[in-house]
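So this one's structure-v7.pdb, PDB, C-alpha atoms:
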```pdb
ATOM      1  CA  MET A   1      17.257 -17.994 -30.893
ATOM      2  CA  VAL A   2      13.782 -16.645 -30.126
ATOM      3  CA  ASN A   3      12.598 -13.351 -31.580
ATOM      4  CA  ILE A   4      10.904 -11.563 -28.662
ATOM      5  CA  ASP A   5       8.812  -8.496 -29.492
ATOM      6  CA  ILE A   6       7.705  -7.518 -25.990
ATOM      7  CA  GLY A   7       9.086  -8.167 -22.485
ATOM      8  CA  ILE A   8       6.784  -7.715 -19.485
ATOM      9  CA  ASP A   9       7.627  -7.367 -15.803
ATOM     10  CA  LEU A  10       4.220  -8.027 -14.249
ATOM     11  CA  GLY A  11       4.843  -6.601 -10.793
ATOM     12  CA  THR A  12       2.781  -6.162  -7.646
ATOM     13  CA  CYS A  13       3.380  -2.403  -7.604
ATOM     14  CA  ASN A  14       4.245  -1.630 -11.215
ATOM     15  CA  THR A  15       3.972  -3.185 -14.660
ATOM     16  CA  VAL A  16       6.949  -2.428 -16.882
ATOM     17  CA  ILE A  17       7.034  -3.210 -20.609
ATOM     18  CA  TYR A  18      10.069  -3.374 -22.879
ATOM     19  CA  ILE A  19       9.598  -3.403 -26.640
ATOM     20  CA  LYS A  20      12.187  -4.482 -29.180
ATOM     21  CA  ASP A  21      14.234  -1.647 -30.721
ATOM     22  CA  LYS A  22      12.397   0.869 -28.536
ATOM     23  CA  GLY A  23      13.332   0.045 -24.933
ATOM     24  CA  ILE A  24      11.037   0.716 -21.966
ATOM     25  CA  VAL A  25       7.735   2.115 -23.220
ATOM     26  CA  VAL A  26       5.426   1.460 -20.252
ATOM     27  CA  ASN A  27       6.116   1.887 -16.541
ATOM     28  CA  GLN A  28       2.766   2.164 -14.796
ATOM     29  CA  PRO A  29       1.302   1.196 -11.404
ATOM     30  CA  SER A  30      -0.448  -2.195 -11.383
ATOM     31  CA  VAL A  31      -3.709  -0.599 -10.271
ATOM     32  CA  VAL A  32      -7.214  -0.769 -11.726
ATOM     33  CA  ALA A  33     -10.313   1.302 -10.914
ATOM     34  CA  TYR A  34     -13.712  -0.108 -11.898
ATOM     35  CA  GLU A  35     -17.458   0.236 -11.273
ATOM     36  CA  VAL A  36     -18.593  -2.433  -8.807
ATOM     37  CA  LYS A  37     -22.002  -3.103 -10.411
ATOM     38  CA  THR A  38     -21.094  -3.053 -14.098
ATOM     39  CA  LYS A  39     -17.404  -4.107 -13.775
ATOM     40  CA  LYS A  40     -16.630  -1.312 -16.243
ATOM     41  CA  ILE A  41     -12.987  -0.226 -16.126
ATOM     42  CA  ILE A  42     -12.706   3.463 -15.274
ATOM     43  CA  ALA A  43      -8.936   3.865 -15.113
ATOM     44  CA  VAL A  44      -5.672   1.915 -15.008
ATOM     45  CA  GLY A  45      -2.152   2.803 -13.917
ATOM     46  CA  THR A  46      -1.292   6.256 -12.601
ATOM     47  CA  LYS A  47      -4.844   7.588 -13.013
ATOM     48  CA  ALA A  48      -6.237   4.675 -11.015
ATOM     49  CA  LYS A  49      -3.563   4.967  -8.304
ATOM     50  CA  LYS A  50      -4.497   8.607  -7.707
ATOM     51  CA  MET A  51      -8.005   7.375  -6.867
ATOM     52  CA  ILE A  52      -6.914   5.018  -4.048
ATOM     53  CA  GLY A  53      -8.841   5.838  -0.870
ATOM     54  CA  LYS A  54     -10.812   8.606  -2.575
ATOM     55  CA  THR A  55     -13.665   6.844  -4.374
ATOM     56  CA  PRO A  56     -17.354   6.381  -3.498
ATOM     57  CA  GLU A  57     -18.720   2.911  -2.678
ATOM     58  CA  GLU A  58     -19.779   2.187  -6.262
ATOM     59  CA  ILE A  59     -16.167   2.459  -7.467
ATOM     60  CA  GLU A  60     -13.405   0.138  -6.303
ATOM     61  CA  VAL A  61      -9.665   0.577  -6.792
ATOM     62  CA  VAL A  62      -7.561  -2.571  -6.519
ATOM     63  CA  ARG A  63      -4.161  -4.061  -7.177
ATOM     64  CA  PRO A  64      -5.026  -7.240  -9.136
ATOM     65  CA  ILE A  65      -1.569  -8.705  -8.478
ATOM     66  CA  THR A  66      -0.628  -9.613  -4.898
ATOM     67  CA  LYS A  67       2.831 -10.777  -3.840
ATOM     68  CA  GLY A  68       3.769 -11.309  -7.470
ATOM     69  CA  VAL A  69       0.749 -13.554  -8.106
ATOM     70  CA  ILE A  70      -2.486 -12.749  -9.937
ATOM     71  CA  SER A  71      -5.305 -12.362  -7.414
ATOM     72  CA  ASP A  72      -7.941 -11.121  -9.873
ATOM     73  CA  TYR A  73      -7.519 -12.764 -13.269
ATOM     74  CA  THR A  74     -10.090 -10.696 -15.205
ATOM     75  CA  LEU A  75      -8.815  -7.325 -14.019
ATOM     76  CA  THR A  76      -5.198  -8.348 -14.601
ATOM     77  CA  GLU A  77      -5.992  -9.423 -18.148
ATOM     78  CA  ARG A  78      -7.728  -6.141 -18.915
ATOM     79  CA  MET A  79      -4.919  -4.126 -17.348
ATOM     80  CA  ILE A  80      -2.240  -5.965 -19.358
ATOM     81  CA  LYS A  81      -4.300  -5.582 -22.527
ATOM     82  CA  ALA A  82      -4.390  -1.804 -22.042
ATOM     83  CA  TYR A  83      -0.643  -1.631 -21.452
ATOM     84  CA  VAL A  84       0.262  -3.948 -24.357
ATOM     85  CA  ARG A  85      -1.963  -1.911 -26.689
ATOM     86  CA  ASN A  86      -0.133   1.199 -25.508
ATOM     87  CA  ALA A  87       3.234  -0.454 -26.154
ATOM     88  CA  ILE A  88       2.340  -1.681 -29.628
ATOM     89  CA  GLU A  89       1.095   1.768 -30.624
ATOM     90  CA  GLN A  90       4.561   3.156 -29.911
ATOM     91  CA  ARG A  91       6.146   0.804 -32.422
ATOM     92  CA  LYS A  92       4.244  -0.858 -35.233
ATOM     93  CA  ILE A  93       4.400  -4.643 -34.848
ATOM     94  CA  TRP A  94       3.026  -6.572 -37.805
ATOM     95  CA  GLY A  95       0.904  -9.511 -36.784
ATOM     96  CA  LYS A  96       0.604 -10.893 -33.274
ATOM     97  CA  PRO A  97       3.592 -10.203 -30.991
ATOM     98  CA  THR A  98       5.774 -12.756 -29.234
ATOM     99  CA  ILE A  99       5.820 -11.877 -25.538
ATOM    100  CA  CYS A 100       8.066 -12.902 -22.649
ATOM    101  CA  VAL A 101       6.552 -12.407 -19.183
ATOM    102  CA  CYS A 102       8.410 -12.637 -15.875
ATOM    103  CA  VAL A 103       7.209 -14.398 -12.724
ATOM    104  CA  PRO A 104       8.743 -14.772  -9.252
ATOM    105  CA  SER A 105      10.950 -17.848  -8.950
ATOM    106  CA  GLY A 106       8.818 -19.261  -6.147
ATOM    107  CA  VAL A 107       5.455 -19.414  -7.963
ATOM    108  CA  THR A 108       3.590 -22.648  -8.569
ATOM    109  CA  GLN A 109       2.875 -24.051 -12.034
ATOM    110  CA  VAL A 110      -0.762 -22.980 -11.639
ATOM    111  CA  GLU A 111       0.260 -19.402 -10.796
ATOM    112  CA  LYS A 112       2.740 -19.374 -13.687
ATOM    113  CA  LYS A 113       0.083 -20.600 -16.123
ATOM    114  CA  ALA A 114      -2.370 -17.937 -14.909
ATOM    115  CA  ALA A 115       0.144 -15.206 -15.731
ATOM    116  CA  CYS A 116       0.849 -16.680 -19.157
ATOM    117  CA  ASP A 117      -2.854 -17.127 -19.939
ATOM    118  CA  ALA A 118      -3.571 -13.495 -19.049
ATOM    119  CA  VAL A 119      -0.773 -12.295 -21.325
ATOM    120  CA  TYR A 120      -1.774 -14.650 -24.142
ATOM    121  CA  ARG A 121      -5.331 -13.302 -24.151
ATOM    122  CA  THR A 122      -4.019  -9.825 -24.985
ATOM    123  CA  GLY A 123      -3.510 -11.126 -28.530
ATOM    124  CA  ALA A 124      -0.044 -12.661 -28.348
ATOM    125  CA  LYS A 125       1.183 -15.204 -30.872
ATOM    126  CA  LYS A 126       3.451 -16.926 -28.356
ATOM    127  CA  VAL A 127       4.100 -16.439 -24.668
ATOM    128  CA  TYR A 128       7.352 -17.361 -22.958
ATOM    129  CA  VAL A 129       7.954 -17.291 -19.224
ATOM    130  CA  LEU A 130      11.128 -16.335 -17.386
ATOM    131  CA  GLU A 131      11.926 -16.238 -13.672
ATOM    132  CA  GLU A 132      12.430 -12.704 -12.402
ATOM    133  CA  PRO A 133      15.946 -13.068 -10.948
ATOM    134  CA  PHE A 134      17.179 -14.629 -14.196
ATOM    135  CA  ALA A 135      15.538 -11.838 -16.211
ATOM    136  CA  ALA A 136      17.250  -9.357 -13.885
ATOM    137  CA  ALA A 137      20.565 -11.095 -14.564
ATOM    138  CA  ILE A 138      20.077 -10.695 -18.326
ATOM    139  CA  GLY A 139      18.957  -7.076 -17.930
ATOM    140  CA  THR A 140      22.114  -6.065 -16.035
ATOM    141  CA  ASN A 141      24.338  -6.934 -19.029
ATOM    142  CA  VAL A 142      26.580  -9.085 -16.824
ATOM    143  CA  ASP A 143      28.214 -11.982 -18.686
ATOM    144  CA  ILE A 144      26.047 -14.738 -17.229
ATOM    145  CA  ASP A 145      27.325 -17.295 -19.764
ATOM    146  CA  SER A 146      30.758 -17.313 -18.153
ATOM    147  CA  PRO A 147      31.630 -20.090 -15.662
ATOM    148  CA  LYS A 148      31.910 -17.473 -12.923
ATOM    149  CA  GLY A 149      29.090 -17.199 -10.402
ATOM    150  CA  HIS A 150      27.086 -14.007 -10.000
ATOM    151  CA  MET A 151      24.398 -13.267  -7.400
ATOM    152  CA  PHE A 152      21.365 -11.192  -8.322
ATOM    153  CA  VAL A 153      18.876  -9.838  -5.784
ATOM    154  CA  ASP A 154      15.658  -8.402  -7.210
ATOM    155  CA  ILE A 155      13.597  -6.556  -4.572
ATOM    156  CA  GLY A 156      10.241  -5.916  -6.195
ATOM    157  CA  GLY A 157       6.929  -4.736  -4.818
ATOM    158  CA  GLY A 158       5.620  -8.072  -3.548
ATOM    159  CA  THR A 159       8.546 -10.496  -3.675
ATOM    160  CA  THR A 160      12.298 -10.559  -3.288
ATOM    161  CA  ASP A 161      13.968 -13.001  -5.663
ATOM    162  CA  ILE A 162      17.555 -14.113  -5.176
ATOM    163  CA  ALA A 163      19.546 -16.229  -7.609
ATOM    164  CA  VAL A 164      23.110 -17.328  -8.217
ATOM    165  CA  VAL A 165      23.709 -17.641 -11.953
ATOM    166  CA  SER A 166      26.575 -19.430 -13.703
ATOM    167  CA  LYS A 167      27.009 -20.704 -17.272
ATOM    168  CA  GLY A 168      23.668 -19.249 -18.322
ATOM    169  CA  ALA A 169      21.635 -21.104 -15.677
ATOM    170  CA  ILE A 170      20.472 -20.702 -12.084
ATOM    171  CA  SER A 171      22.663 -22.600  -9.616
ATOM    172  CA  SER A 172      20.733 -21.748  -6.449
ATOM    173  CA  SER A 173      17.803 -19.455  -5.723
ATOM    174  CA  LYS A 174      15.197 -18.357  -3.210
ATOM    175  CA  SER A 175      12.022 -16.304  -3.406
ATOM    176  CA  ILE A 176      10.347 -14.707  -0.385
ATOM    177  CA  ARG A 177       7.079 -12.790  -0.329
ATOM    178  CA  VAL A 178       8.636  -9.857   1.482
ATOM    179  CA  ALA A 179       9.511  -6.718  -0.454
ATOM    180  CA  SER A 180       8.816  -3.027  -1.035
ATOM    181  CA  CYS A 181       5.100  -3.101  -0.146
ATOM    182  CA  ASP A 182       6.024  -4.609   3.219
ATOM    183  CA  PHE A 183       8.095  -1.512   3.974
ATOM    184  CA  ASP A 184       4.919   0.551   3.433
ATOM    185  CA  ASP A 185       2.899  -1.736   5.713
ATOM    186  CA  ALA A 186       5.589  -1.561   8.397
ATOM    187  CA  ILE A 187       5.534   2.247   8.322
ATOM    188  CA  ILE A 188       1.731   2.274   8.645
ATOM    189  CA  LYS A 189       1.821  -0.092  11.652
ATOM    190  CA  TYR A 190       4.639   1.836  13.340
ATOM    191  CA  LEU A 191       2.934   5.233  13.154
ATOM    192  CA  ARG A 192      -0.395   3.769  14.230
ATOM    193  CA  LYS A 193       1.183   2.160  17.293
ATOM    194  CA  LYS A 194       3.549   4.979  18.290
ATOM    195  CA  TYR A 195       1.496   8.071  17.474
ATOM    196  CA  GLY A 196      -2.065   6.858  16.997
ATOM    197  CA  VAL A 197      -1.976   8.175  13.418
ATOM    198  CA  GLU A 198      -3.488   6.264  10.498
ATOM    199  CA  LEU A 199      -1.798   6.557   7.096
ATOM    200  CA  GLY A 200      -3.118   5.426   3.743
ATOM    201  CA  ASP A 201      -1.065   3.201   1.444
ATOM    202  CA  VAL A 202      -0.158   6.022  -0.928
ATOM    203  CA  SER A 203       0.909   8.346   1.902
ATOM    204  CA  ALA A 204       3.067   5.625   3.453
ATOM    205  CA  GLU A 205       4.722   4.940   0.102
ATOM    206  CA  GLN A 206       5.431   8.632  -0.379
ATOM    207  CA  LEU A 207       6.991   8.874   3.077
ATOM    208  CA  LYS A 208       9.177   5.848   2.249
ATOM    209  CA  ILE A 209      10.336   7.488  -0.981
ATOM    210  CA  GLU A 210      11.096  10.803   0.724
ATOM    211  CA  ILE A 211      12.912   9.691   3.901
ATOM    212  CA  GLY A 212      12.777   5.891   3.909
ATOM    213  CA  SER A 213      15.857   4.241   5.418
ATOM    214  CA  VAL A 214      17.048   0.797   6.462
ATOM    215  CA  TYR A 215      20.462   2.069   7.566
ATOM    216  CA  PRO A 216      21.468   5.153   9.604
ATOM    217  CA  ARG A 217      21.896   8.314   7.545
ATOM    218  CA  ALA A 218      24.817  10.676   8.119
ATOM    219  CA  GLN A 219      22.199  13.297   8.976
ATOM    220  CA  ASP A 220      18.707  12.424  10.153
ATOM    221  CA  ALA A 221      16.194  13.451   7.501
ATOM    222  CA  LEU A 222      12.797  14.960   8.300
ATOM    223  CA  GLY A 223       9.541  14.216   6.522
ATOM    224  CA  TYR A 224       5.829  14.584   7.215
ATOM    225  CA  ALA A 225       3.239  11.856   7.546
ATOM    226  CA  LYS A 226      -0.149  13.044   6.334
ATOM    227  CA  GLY A 227      -2.976  11.027   7.838
ATOM    228  CA  LYS A 228      -5.616  11.203  10.547
ATOM    229  CA  GLU A 229      -5.672  10.844  14.312
ATOM    230  CA  LEU A 230      -7.339   7.589  15.338
ATOM    231  CA  MET A 231      -8.870   9.053  18.516
ATOM    232  CA  LYS A 232     -10.399  12.198  17.015
ATOM    233  CA  GLY A 233     -10.568  11.297  13.336
ATOM    234  CA  LEU A 234      -9.056  14.666  12.464
ATOM    235  CA  PRO A 235      -6.424  15.292   9.779
ATOM    236  CA  VAL A 236      -2.833  15.559  10.973
ATOM    237  CA  LYS A 237       0.566  16.385   9.512
ATOM    238  CA  LEU A 238       3.048  14.555  11.702
ATOM    239  CA  PRO A 239       6.815  15.244  11.566
ATOM    240  CA  VAL A 240       8.739  11.971  11.214
ATOM    241  CA  HIS A 241      12.495  11.339  11.141
ATOM    242  CA  SER A 242      14.322   8.873   8.899
ATOM    243  CA  SER A 243      15.665   7.143  12.026
ATOM    244  CA  GLU A 244      12.072   6.269  12.924
ATOM    245  CA  ILE A 245      11.472   4.825   9.459
ATOM    246  CA  GLU A 246      14.655   2.781   9.898
ATOM    247  CA  GLU A 247      13.248   1.423  13.151
ATOM    248  CA  ALA A 248       9.889   0.691  11.520
ATOM    249  CA  THR A 249      11.336  -1.151   8.515
ATOM    250  CA  GLY A 250      14.156  -2.960  10.310
ATOM    251  CA  GLU A 251      12.403  -6.325  10.586
ATOM    252  CA  VAL A 252      11.439  -6.359   6.907
ATOM    253  CA  ALA A 253      14.987  -5.472   5.831
ATOM    254  CA  ASP A 254      16.394  -8.208   8.072
ATOM    255  CA  GLN A 255      14.171 -10.815   6.397
ATOM    256  CA  ILE A 256      15.586  -9.840   3.007
ATOM    257  CA  VAL A 257      19.160  -9.973   4.294
ATOM    258  CA  ASP A 258      18.545 -13.368   5.929
ATOM    259  CA  ALA A 259      17.234 -14.753   2.625
ATOM    260  CA  ILE A 260      20.395 -13.565   0.853
ATOM    261  CA  LYS A 261      22.551 -15.224   3.507
ATOM    262  CA  ASN A 262      20.552 -18.440   3.172
ATOM    263  CA  VAL A 263      21.265 -18.583  -0.571
ATOM    264  CA  LEU A 264      24.963 -17.925   0.026
ATOM    265  CA  GLU A 265      25.030 -20.787   2.548
ATOM    266  CA  VAL A 266      23.801 -23.359   0.007
ATOM    267  CA  THR A 267      25.923 -22.040  -2.866
ATOM    268  CA  PRO A 268      29.089 -24.038  -3.760
ATOM    269  CA  PRO A 269      32.322 -22.509  -2.361
ATOM    270  CA  GLU A 270      33.849 -21.728  -5.764
ATOM    271  CA  LEU A 271      30.776 -19.750  -6.801
ATOM    272  CA  VAL A 272      30.741 -17.920  -3.462
ATOM    273  CA  ASN A 273      34.350 -16.879  -4.113
ATOM    274  CA  ASP A 274      33.270 -15.481  -7.489
ATOM    275  CA  ILE A 275      30.419 -13.568  -5.842
ATOM    276  CA  ALA A 276      32.802 -12.140  -3.242
ATOM    277  CA  GLU A 277      35.061 -10.944  -6.051
ATOM    278  CA  PHE A 278      32.376  -9.445  -8.291
ATOM    279  CA  GLY A 279      29.777  -8.412  -5.697
ATOM    280  CA  ILE A 280      26.019  -8.843  -5.281
ATOM    281  CA  VAL A 281      23.916  -7.110  -7.948
ATOM    282  CA  LEU A 282      20.805  -5.316  -6.647
ATOM    283  CA  SER A 283      17.762  -4.590  -8.798
ATOM    284  CA  GLY A 284      14.055  -3.876  -8.376
ATOM    285  CA  GLY A 285      12.296  -0.760  -7.113
ATOM    286  CA  GLY A 286      12.596  -1.925  -3.495
ATOM    287  CA  SER A 287      16.393  -1.714  -3.716
ATOM    288  CA  LYS A 288      16.125   2.079  -3.975
ATOM    289  CA  ILE A 289      15.304   2.581  -0.300
ATOM    290  CA  TYR A 290      18.197   4.352   1.404
ATOM    291  CA  GLY A 291      20.887   2.122   2.898
ATOM    292  CA  MET A 292      19.794  -1.234   1.453
ATOM    293  CA  ASP A 293      23.120  -1.746  -0.313
ATOM    294  CA  THR A 294      25.109  -0.726   2.764
ATOM    295  CA  LEU A 295      23.047  -2.961   5.047
ATOM    296  CA  ILE A 296      23.583  -6.014   2.821
ATOM    297  CA  GLU A 297      27.310  -5.294   2.590
ATOM    298  CA  GLU A 298      27.596  -5.002   6.371
ATOM    299  CA  LYS A 299      25.608  -8.178   7.103
ATOM    300  CA  THR A 300      27.176 -10.404   4.406
ATOM    301  CA  GLY A 301      30.664  -8.984   4.025
ATOM    302  CA  VAL A 302      30.154  -8.858   0.246
ATOM    303  CA  ARG A 303      30.141  -5.583  -1.668
ATOM    304  CA  VAL A 304      26.963  -4.631  -3.471
ATOM    305  CA  ARG A 305      26.483  -3.215  -6.971
ATOM    306  CA  LYS A 306      23.453  -0.994  -7.608
ATOM    307  CA  MET A 307      21.809  -0.480 -10.979
ATOM    308  CA  GLU A 308      21.164   3.037 -12.283
ATOM    309  CA  LYS A 309      17.474   2.297 -12.946
ATOM    310  CA  PRO A 310      16.870  -0.898 -10.960
ATOM    311  CA  GLU A 311      13.084  -0.917 -11.493
ATOM    312  CA  LEU A 312      13.555  -1.396 -15.267
ATOM    313  CA  VAL A 313      16.085  -4.249 -15.213
ATOM    314  CA  VAL A 314      13.637  -7.209 -15.176
ATOM    315  CA  ALA A 315      11.534  -5.985 -18.111
ATOM    316  CA  THR A 316      14.704  -5.221 -20.069
ATOM    317  CA  GLY A 317      15.940  -8.750 -19.414
ATOM    318  CA  ALA A 318      12.617 -10.236 -20.522
ATOM    319  CA  GLY A 319      12.678  -8.247 -23.748
ATOM    320  CA  THR A 320      16.254  -9.233 -24.588
ATOM    321  CA  ALA A 321      16.263 -12.848 -23.344
ATOM    322  CA  ARG A 322      16.175 -14.418 -26.836
ATOM    323  CA  LYS A 323      18.369 -17.549 -26.521
ATOM    324  CA  TYR A 324      17.468 -18.124 -22.858
ATOM    325  CA  VAL A 325      13.797 -18.899 -23.499
ATOM    326  CA  ALA A 326      14.051 -21.263 -26.482
ATOM    327  CA  GLU A 327      12.698 -24.200 -24.475
ATOM    328  CA  GLU A 328      10.314 -22.237 -22.287
ATOM    329  CA  VAL A 329       7.345 -21.615 -24.554
ATOM    330  CA  VAL A 330       4.175 -22.006 -22.528
ATOM    331  CA  ILE A 331       1.396 -21.030 -24.927
ATOM    332  CA  THR A 332       1.226 -20.610 -28.675
ATOM    333  CA  SER A 333      -1.693 -19.683 -30.896
ATOM    334  CA  ASP A 334      -0.328 -22.167 -33.458
ATOM    335  CA  VAL A 335      -1.457 -25.093 -31.294
TER     336      VAL A 335
END
```
Could you rewrite the structure in this file as structure tokens?
Amino acid sequence: MVNIDIGIDLGTCNTVIYIKDKGIVVNQPSVVAYEVKTKKIIAVGTKAKKMIGKTPEEIEVVRPITKGVISDYTLTERMIKAYVRNAIEQRKIWGKPTICVCVPSGVTQVEKKAACDAVYRTGAKKVYVLEEPFAAAIGTNVDIDSPKGHMFVDIGGGTTDIAVVSKGAISSSKSIRVASCDFDDAIIKYLRKKYGVELGDVSAEQLKIEIGSVYPRAQDALGYAKGKELMKGLPVKLPVHSSEIEEATGEVADQIVDAIKNVLEVTPPELVNDIAEFGIVLSGGGSKIYGMDTLIEEKTGVRVRKMEKPELVVATGAGTARKYVAEEVVITSDV
């Protein structure tokens, strides 16, 4: 059984870190602000996210992870290093830590190695890798070692990972690069087309959090989109209803539901019966949008279980994986 010191969910929108005997110690946006000429890091996480769309030309604010994959290796490494240092300071770890990092189930070996290399260079002794839906399964505290089948759907920022787990292993799975950030993009496109109003990424995300829906609400909620008119370039505060957000995000939600149905179709009948009995387990920050559980239930006929803090499940699973990563070591400083 492996002794894991730190578990990392390296997400498109947020990086979450679990540390042994301490729990979740870092939950920060995967955003970096740096000087273009000198490449000097100015801010990471929440501080950097507040700078999106507000910086002069000499400062750039980026998300170094796109669709669950590292798009800027150097910035990702420096961001992880800052977060790991923060985590270690909260609990004294003697020597170099053993780290387990999660990746989407659909990544290539090259993409997986890039993630592990970036984590290793933070000063890790060993780095293990775990697929996100399996980490989510561990983090939910469901008995995944039983012969019964359980389906886990992790809707992150850049990818949605679906897996059926039985006897401590993945039976069938699917990963699509459609997730929470796509809801934001859909809202931006909808308001631009319908009202001629341009929203920034942060404003679109805020609108999604406030009144986002993928299923009709009992009472239509009202929110305000803060952006600028495309024709005049003037600031505008546009009233928007949750029913409009539902219309805007409908196609994205349908892609997620279709992926779930595809996995159910290729899953053995006995495991499908188990899933129907226990339900589909939802995790990931993207699962928090209103009506996602109800929509999946309606389209699949299978009840859905929601986690209390779904955005923390993957990192928790990575930090408590122990026996599930014994054969998955990717890098070790001993070699």
Residue by residue, what does the PyMOL selection byres ((chain A and resi 101) around 12) grab here? Present the result as an MDAnalysis selection string. chainID A and resid 4:11 15:18 80 84 98:100 102:104 112:120 124 126:132 134:135 314:321 325 328:331
Please indicate the distance in Å from CA of Ala136 (chain A) to CA of Val313 (chain A), rounded to one decimal place. 5.4 Å
Written as a PyMOL selection string, what is the full residue list that the PyMOL selection byres ((chain A and resi 146) around 10) yields on the file shown? chain A and resi 142-145+147-150+165-168
Give me, please, the distance in Å between CA of Glu89 (chain A) and CA of Glu311 (chain A), quoted to one decimal. 22.7 Å
Around the point (15.0, 7.1, 8.5), in the coordinates given by the file, pick out the residues reaching within 10 Å, counting only C-alpha atoms, and return them as a VMD selection string. chain A and resid 207 to 208 210 to 217 219 to 223 240 to 249 289 to 291
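With CA of Lys40 (chain A) on one side and CA of Asn14 (chain A) on the other, the separation reads 21.5 Å.
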Selected residue, from A:Lys228, A:Arg177, A:Lys49, A:Lys306, that lies nearest to Gln255 (chain A) when counting only C-alpha atoms: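 Between A:Lys228, A:Arg177, A:Lys49, A:Lys306, the residue approaching Gln255 (chain A) most closely is A:Arg177.
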Taking all atoms listed in the file into account, name the residue in A:Val164, A:Met51, A:Val31, A:Val61 that is nearest to Ile275 (chain A).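 Checking each candidate against Ile275 (chain A), we get A:Val164 as the closest.
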List the residues matched by the PyMOL selection byres ((chain A and resi 273) around 12) in the displayed structure as a ChimeraX atom specification, ordered by chain and then by residue number. /A:148-151,164,264,267-272,274-280,301-302
Choose the residue, out of A:Ile256, A:Ile88, A:Val236, A:Met307, that has the smallest atom-to-atom separation from Ile176 (chain A); count all atoms listed in the file. A:Ile256
Hey, which of A:Lys39, A:Arg63, A:Lys237, A:Arg85 ends up closest to Val25 (chain A)? Count only C-alpha atoms. A:Arg85
Between A:Ser203, A:Asn3, A:Ser287, A:Asn27, which is the closest to Gly157 (chain A) once you count all atoms listed in the file?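 Comparing A:Ser203, A:Asn3, A:Ser287, A:Asn27 against Gly157 (chain A), the winner is A:Ser287.
Among A:Val202, A:Leu75, A:Ala259, A:Ile59, the residue with the shortest atom-to-atom distance to Val178 (chain A), counting only C-alpha atoms, is A:Ala259.
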